[in-house]
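Heads up, query09.cif below (mmCIF, C-alpha atoms):
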data_work
loop_
_atom_site.group_PDB
_atom_site.id
_atom_site.type_symbol
_atom_site.label_atom_id
_atom_site.label_comp_id
_atom_site.auth_asym_id
_atom_site.auth_seq_id
_atom_site.Cartn_x
_atom_site.Cartn_y
_atom_site.Cartn_z
ATOM 1 C CA MET A 1 180.830 -10.399 -53.217
ATOM 2 C CA GLY A 2 179.291 -8.497 -56.064
ATOM 3 C CA CYS A 3 176.533 -8.472 -58.591
ATOM 4 C CA LYS A 4 177.547 -8.727 -62.223
ATOM 5 C CA TYR A 5 174.126 -7.718 -63.413
ATOM 6 C CA THR A 6 173.996 -4.288 -65.042
ATOM 7 C CA ILE A 7 170.792 -2.466 -64.184
ATOM 8 C CA GLY A 8 171.101 0.257 -66.788
ATOM 9 C CA ALA A 9 170.986 4.025 -66.742
ATOM 10 C CA TYR A 10 170.285 5.892 -63.536
ATOM 11 C CA VAL A 11 166.734 7.110 -63.102
ATOM 12 C CA ASN A 12 165.629 10.128 -61.084
ATOM 13 C CA ASN A 13 164.367 8.441 -57.946
ATOM 14 C CA SER A 14 162.615 11.447 -56.401
ATOM 15 C CA ASN A 15 159.483 10.269 -54.568
ATOM 16 C CA ARG A 16 159.550 6.887 -56.245
ATOM 17 C CA SER A 17 158.860 3.803 -54.181
ATOM 18 C CA MET A 18 159.334 0.117 -54.889
ATOM 19 C CA VAL A 19 158.103 -2.883 -52.948
ATOM 20 C CA ILE A 20 159.589 -6.302 -53.671
ATOM 21 C CA LEU A 21 157.098 -9.057 -52.919
ATOM 22 C CA ALA A 22 158.792 -11.889 -51.015
ATOM 23 C CA GLY A 23 156.046 -13.381 -48.886
ATOM 24 C CA GLY A 24 154.837 -16.233 -51.067
ATOM 25 C CA LYS A 25 154.672 -19.881 -50.053
ATOM 26 C CA SER A 26 157.091 -21.052 -52.785
ATOM 27 C CA SER A 27 155.184 -24.340 -52.899
ATOM 28 C CA ARG A 28 156.437 -25.240 -56.378
ATOM 29 C CA MET A 29 160.058 -24.468 -55.483
ATOM 30 C CA LYS A 30 159.837 -26.714 -52.376
ATOM 31 C CA GLN A 31 161.811 -24.120 -50.403
ATOM 32 C CA ASP A 32 161.556 -20.384 -49.810
ATOM 33 C CA LYS A 33 162.835 -18.918 -53.076
ATOM 34 C CA ALA A 34 163.229 -15.478 -51.513
ATOM 35 C CA LEU A 35 166.098 -16.939 -49.468
ATOM 36 C CA LEU A 36 167.870 -18.823 -52.255
ATOM 37 C CA PRO A 37 171.435 -17.611 -53.011
ATOM 38 C CA PHE A 38 171.645 -15.593 -56.201
ATOM 39 C CA GLY A 39 173.998 -13.320 -58.127
ATOM 40 C CA GLY A 40 176.762 -13.326 -55.533
ATOM 41 C CA TYR A 41 174.398 -12.487 -52.673
ATOM 42 C CA ASN A 42 173.192 -14.640 -49.806
ATOM 43 C CA SER A 43 169.631 -14.494 -51.062
ATOM 44 C CA LEU A 44 167.508 -13.539 -54.032
ATOM 45 C CA SER A 45 165.818 -10.963 -51.797
ATOM 46 C CA GLU A 46 169.115 -9.235 -51.046
ATOM 47 C CA TYR A 47 170.073 -9.353 -54.728
ATOM 48 C CA GLN A 48 166.855 -7.625 -55.774
ATOM 49 C CA TYR A 49 166.975 -5.142 -52.912
ATOM 50 C CA LYS A 50 170.562 -4.081 -53.514
ATOM 51 C CA LYS A 51 170.050 -3.942 -57.283
ATOM 52 C CA PHE A 52 167.397 -1.247 -57.008
ATOM 53 C CA ALA A 53 168.461 0.469 -53.773
ATOM 54 C CA SER A 54 169.853 3.571 -55.479
ATOM 55 C CA SER A 55 166.972 3.888 -57.944
ATOM 56 C CA PHE A 56 164.142 4.609 -55.508
ATOM 57 C CA SER A 57 163.689 7.128 -52.709
ATOM 58 C CA SER A 58 162.061 4.371 -50.653
ATOM 59 C CA LEU A 59 162.460 0.636 -51.089
ATOM 60 C CA TYR A 60 160.710 -2.086 -49.118
ATOM 61 C CA ILE A 61 160.283 -5.838 -49.034
ATOM 62 C CA SER A 62 156.818 -7.234 -48.424
ATOM 63 C CA SER A 63 156.698 -10.376 -46.327
ATOM 64 C CA LYS A 64 154.779 -12.108 -43.563
ATOM 65 C CA GLU A 65 157.823 -12.136 -41.287
ATOM 66 C CA ASN A 66 161.363 -10.852 -40.976
ATOM 67 C CA LYS A 67 163.312 -13.782 -42.399
ATOM 68 C CA PHE A 68 166.156 -11.733 -43.873
ATOM 69 C CA ASP A 69 169.817 -11.495 -42.861
ATOM 70 C CA PHE A 70 170.441 -7.980 -44.187
ATOM 71 C CA ASP A 71 169.173 -4.521 -43.297
ATOM 72 C CA VAL A 72 165.841 -4.042 -45.017
ATOM 73 C CA ASN A 73 162.719 -1.909 -44.767
ATOM 74 C CA LEU A 74 159.811 -4.307 -44.285
ATOM 75 C CA ILE A 75 156.080 -4.119 -44.855
ATOM 76 C CA PHE A 76 154.265 -7.017 -43.246
ATOM 77 C CA ASP A 77 151.152 -8.621 -44.687
ATOM 78 C CA LYS A 78 148.103 -7.749 -42.605
ATOM 79 C CA TYR A 79 146.093 -10.795 -43.606
ATOM 80 C CA GLU A 80 146.589 -14.531 -43.167
ATOM 81 C CA GLU A 81 146.193 -15.426 -46.846
ATOM 82 C CA SER A 82 149.285 -15.516 -49.034
ATOM 83 C CA SER A 83 148.871 -13.700 -52.331
ATOM 84 C CA PRO A 84 150.190 -10.637 -54.164
ATOM 85 C CA LEU A 85 146.747 -9.060 -53.699
ATOM 86 C CA VAL A 86 147.142 -9.342 -49.923
ATOM 87 C CA SER A 87 150.531 -7.660 -50.218
ATOM 88 C CA ILE A 88 149.212 -4.787 -52.334
ATOM 89 C CA VAL A 89 146.369 -4.076 -49.913
ATOM 90 C CA SER A 90 148.766 -4.294 -46.949
ATOM 91 C CA ILE A 91 151.245 -1.931 -48.614
ATOM 92 C CA PHE A 92 148.721 0.861 -49.126
ATOM 93 C CA GLU A 93 147.150 0.321 -45.704
ATOM 94 C CA THR A 94 150.555 0.433 -43.989
ATOM 95 C CA VAL A 95 152.200 3.349 -45.812
ATOM 96 C CA ARG A 96 149.369 5.856 -45.715
ATOM 97 C CA ASN A 97 151.149 8.609 -47.665
ATOM 98 C CA LEU A 98 152.079 6.295 -50.546
ATOM 99 C CA GLU A 99 150.236 7.401 -53.675
ATOM 100 C CA GLU A 100 151.878 4.985 -56.094
ATOM 101 C CA VAL A 101 154.337 2.132 -55.881
ATOM 102 C CA PHE A 102 156.350 -0.053 -58.213
ATOM 103 C CA ILE A 103 155.506 -3.682 -57.431
ATOM 104 C CA LEU A 104 158.138 -6.260 -58.336
ATOM 105 C CA SER A 105 158.183 -9.974 -57.636
ATOM 106 C CA VAL A 106 161.284 -11.217 -55.849
ATOM 107 C CA ASP A 107 161.516 -14.141 -58.284
ATOM 108 C CA ALA A 108 161.975 -11.979 -61.392
ATOM 109 C CA PRO A 109 165.706 -11.227 -61.164
ATOM 110 C CA PHE A 110 166.193 -10.107 -64.761
ATOM 111 C CA ILE A 111 163.925 -7.079 -64.703
ATOM 112 C CA THR A 112 166.225 -4.213 -65.657
ATOM 113 C CA GLN A 113 166.359 -0.551 -64.795
ATOM 114 C CA GLU A 114 165.529 0.153 -68.435
ATOM 115 C CA ILE A 115 162.226 -1.680 -68.033
ATOM 116 C CA VAL A 116 161.510 0.263 -64.845
ATOM 117 C CA ASN A 117 162.333 3.543 -66.577
ATOM 118 C CA ASN A 118 160.062 2.776 -69.514
ATOM 119 C CA LEU A 119 157.158 2.045 -67.209
ATOM 120 C CA TYR A 120 157.685 5.335 -65.391
ATOM 121 C CA HIS A 121 157.886 7.204 -68.690
ATOM 122 C CA ALA A 122 154.412 5.828 -69.446
ATOM 123 C CA VAL A 123 152.821 7.048 -66.199
ATOM 124 C CA ASP A 124 149.558 8.873 -66.851
ATOM 125 C CA GLU A 125 147.166 10.176 -64.200
ATOM 126 C CA LYS A 126 144.237 8.684 -66.137
ATOM 127 C CA TYR A 127 145.336 5.136 -65.298
ATOM 128 C CA ASP A 128 145.277 3.149 -62.071
ATOM 129 C CA VAL A 129 148.060 0.783 -63.120
ATOM 130 C CA ILE A 130 150.960 0.985 -65.567
ATOM 131 C CA VAL A 131 151.780 -2.633 -66.294
ATOM 132 C CA ALA A 132 154.445 -4.394 -68.318
ATOM 133 C CA LYS A 133 153.341 -6.726 -71.075
ATOM 134 C CA SER A 134 155.710 -9.362 -72.422
ATOM 135 C CA ILE A 135 155.271 -11.813 -75.252
ATOM 136 C CA ASN A 136 153.613 -14.064 -72.662
ATOM 137 C CA GLY A 137 150.983 -11.485 -71.700
ATOM 138 C CA LEU A 138 150.479 -9.049 -68.840
ATOM 139 C CA GLU A 139 153.081 -9.029 -66.053
ATOM 140 C CA PRO A 140 151.132 -7.753 -63.024
ATOM 141 C CA LEU A 141 154.143 -8.140 -60.727
ATOM 142 C CA CYS A 142 156.150 -5.690 -62.785
ATOM 143 C CA ALA A 143 153.890 -2.682 -62.625
ATOM 144 C CA ILE A 144 153.208 0.690 -61.050
ATOM 145 C CA TYR A 145 150.078 0.636 -58.884
ATOM 146 C CA LYS A 146 148.341 3.789 -57.706
ATOM 147 C CA ARG A 147 146.402 4.144 -54.456
ATOM 148 C CA THR A 148 143.225 4.259 -56.522
ATOM 149 C CA VAL A 149 143.421 0.449 -56.773
ATOM 150 C CA LEU A 150 142.942 -0.028 -53.033
ATOM 151 C CA GLU A 151 139.148 0.045 -52.849
ATOM 152 C CA GLU A 152 138.688 -2.535 -55.607
ATOM 153 C CA ALA A 153 141.512 -4.678 -54.213
ATOM 154 C CA LYS A 154 139.858 -4.734 -50.772
ATOM 155 C CA LYS A 155 136.534 -5.729 -52.328
ATOM 156 C CA MET A 156 138.219 -8.649 -54.050
ATOM 157 C CA LEU A 157 139.980 -9.644 -50.852
ATOM 158 C CA SER A 158 136.716 -9.653 -48.911
ATOM 159 C CA SER A 159 135.269 -11.940 -51.602
ATOM 160 C CA ASN A 160 138.288 -14.247 -51.376
ATOM 161 C CA GLN A 161 139.311 -13.442 -54.957
ATOM 162 C CA HIS A 162 143.062 -13.100 -55.284
ATOM 163 C CA ARG A 163 143.920 -13.127 -58.990
ATOM 164 C CA LEU A 164 145.699 -9.949 -60.059
ATOM 165 C CA GLN A 165 144.524 -10.486 -63.620
ATOM 166 C CA THR A 166 140.955 -10.134 -62.308
ATOM 167 C CA LEU A 167 141.898 -6.971 -60.440
ATOM 168 C CA LEU A 168 143.498 -5.453 -63.533
ATOM 169 C CA ALA A 169 140.414 -6.261 -65.599
ATOM 170 C CA SER A 170 138.342 -4.088 -63.259
ATOM 171 C CA LEU A 171 140.694 -1.098 -63.365
ATOM 172 C CA SER A 172 141.940 1.454 -65.863
ATOM 173 C CA ILE A 173 145.335 0.145 -66.966
ATOM 174 C CA LYS A 174 148.004 1.153 -69.428
ATOM 175 C CA GLU A 175 150.045 -1.638 -70.969
ATOM 176 C CA VAL A 176 153.684 -1.149 -71.928
ATOM 177 C CA PHE A 177 154.891 -3.853 -74.294
ATOM 178 C CA PHE A 178 158.402 -5.323 -74.115
ATOM 179 C CA ASN A 179 159.416 -7.620 -76.942
ATOM 180 C CA GLU A 180 161.523 -9.926 -74.816
ATOM 181 C CA GLU A 181 161.031 -13.051 -72.762
ATOM 182 C CA LYS A 182 164.099 -13.695 -70.621
ATOM 183 C CA ALA A 183 163.706 -10.462 -68.669
ATOM 184 C CA PHE A 184 160.359 -11.661 -67.367
ATOM 185 C CA LEU A 185 161.464 -15.104 -66.262
ATOM 186 C CA ASN A 186 159.845 -16.092 -62.968
ATOM 187 C CA MET A 187 161.626 -18.698 -60.910
ATOM 188 C CA ASN A 188 158.821 -20.995 -59.800
ATOM 189 C CA TYR A 189 160.459 -24.411 -60.120
ATOM 190 C CA PRO A 190 163.911 -25.734 -59.150
ATOM 191 C CA GLN A 191 164.951 -26.151 -62.792
ATOM 192 C CA GLU A 192 164.107 -22.492 -63.474
ATOM 193 C CA TYR A 193 166.303 -21.472 -60.551
ATOM 194 C CA ILE A 194 169.171 -23.528 -61.976
ATOM 195 C CA TRP A 195 168.707 -21.962 -65.403
ATOM 196 C CA ALA A 196 168.526 -18.452 -63.945
ATOM 197 C CA LYS A 197 171.796 -18.911 -62.053
ATOM 198 C CA LEU A 198 173.509 -20.078 -65.243
ATOM 199 C CA PHE A 199 172.085 -17.146 -67.178
ATOM 200 C CA SER A 200 173.126 -14.601 -64.547
ATOM 201 C CA SER A 201 176.692 -15.913 -64.507
ATOM 202 C CA ASN A 202 176.983 -15.080 -68.214
ATOM 203 C CA ILE A 203 175.816 -11.487 -67.913
#

Target encoding structure tokens, full file:
Amino acid sequence: MGCKYTIGAYVNNSNRSMVILAGGKSSRMKQDKALLPFGGYNSLSEYQYKKFASSFSSLYISSKENKFDFDVNLIFDKYEESSPLVSIVSIFETVRNLEEVFILSVDAPFITQEIVNNLYHAVDEKYDVIVAKSINGLEPLCAIYKRTVLEEAKKMLSSNQHRLQTLLASLSIKEVFFNEEKAFLNMNYPQEYIWAKLFSSNI
């Protein structure tokens, strides 16, 4: 078993935390995409987790339950609703000493270490969120969120508003543009999963 995907240059991982979001319903995929085999691993979750394990001082997976067959640090959603907003609120409420965290969607397997590094190079204390922007627009599930987002996120949650684009519009954000499209592929539908597996086998 092994991952062919090259994640790029090593980054100083001191006090850097990542949470991979893997608690979605996967309604469009018709099966739990976090558990789909990928890149030589038993699941997409394991692929993502192992890919970034050496790049962060703490690495977690966010989920509603422990559905994984490998050793993993878990943060459970504290609310019944399923959304990335729920996960972000739960992350900061669970890990009380966490001041900032890199949020990555489990279904974005082509995010590279170079992209992660560039986002960290752009960190500025003036901003609540450092977010990637691709040719398709903002990528809120490839971003560094600071604890300062928690109050506004909880307000949105209490109002049953879950769109991260709405959250970002209410915060101070810094956009980091990446002139590429494949890196930000999200696997939402079965045909996208098939394409992603073909693409990964050629890397």

Answer key for the PyMOL selection byres ((chain A and resi 82) around 6), residues as a PyMOL selection string: chain A and resi 24+81+83

Target residues per the PyMOL selection byres ((chain A and resi 30-41) around 7), formatted as a list of chain:residue names: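 Output of the PyMOL selection byres ((chain A and resi 30-41) around 7): A:Met1, A:Gly2, A:Cys3, A:Ala22, A:Lys25, A:Ser26, A:Ser27, A:Arg28, A:Met29, A:Asn42, A:Ser43, A:Leu44, A:Ser45, A:Glu46, A:Tyr47, A:Val106, A:Lys197, A:Ser200.
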
Could you tell me which residues the PyMOL selection byres ((chain A and resi 141) around 8) grabs in this file, written as a list in words?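 Going through the file, the PyMOL selection byres ((chain A and resi 141) around 8) ends up selecting Ile103, Leu104, Ser105, Glu139, Pro140, Cys142 and Ala143 of chain A.
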
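The gap separating atom CA of A:Leu85 from atom CA of A:Lys126 is 21.8 Å, in Å to one decimal.
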
Top pick for closest residue to A:Lys146, considering A:Leu59, A:Val95, A:Ile173, A:Val101 and counting all atoms listed in the file: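 Using all atoms listed in the file, A:Lys146 sits closest to A:Val101.
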
Show me as a list in words the residues that reach within 10 Å of (161.2, -2.9, -66.4), counting only C-alpha atoms and using the file's own coordinates. Ile7, Phe102, Leu104, Phe110, Ile111, Thr112, Gln113, Glu114, Ile115, Val116, Asn117, Asn118, Leu119, Tyr120, Val131, Ala132, Lys133, Cys142, Ala143, Val176, Phe178, Ala183 and Phe184 of chain A

Measuring between all atoms listed in the file, which one of A:Gln165, A:Ser90, A:Asn15, A:Ser158 shows the shortest distance to A:Ser58?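 Between A:Gln165, A:Ser90, A:Asn15, A:Ser158, the residue approaching A:Ser58 most closely is A:Asn15.
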
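A straight line drawn from atom CA of A:Asp71 to atom CA of A:Glu93 is 22.7 Å long.
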
Edge lengths and centre in Å, axis-aligned, stretch 178-184 of chain A plus 3 Å each side, as lines of an AutoDock Vina configuration file:
center_x = 161.3
center_y = -9.5
center_z = -72.2
size_x = 11.7
size_y = 14.4
size_z = 15.6

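One finds atom CA of A:Leu185 at 7.7 Å from atom CA of A:Pro109.
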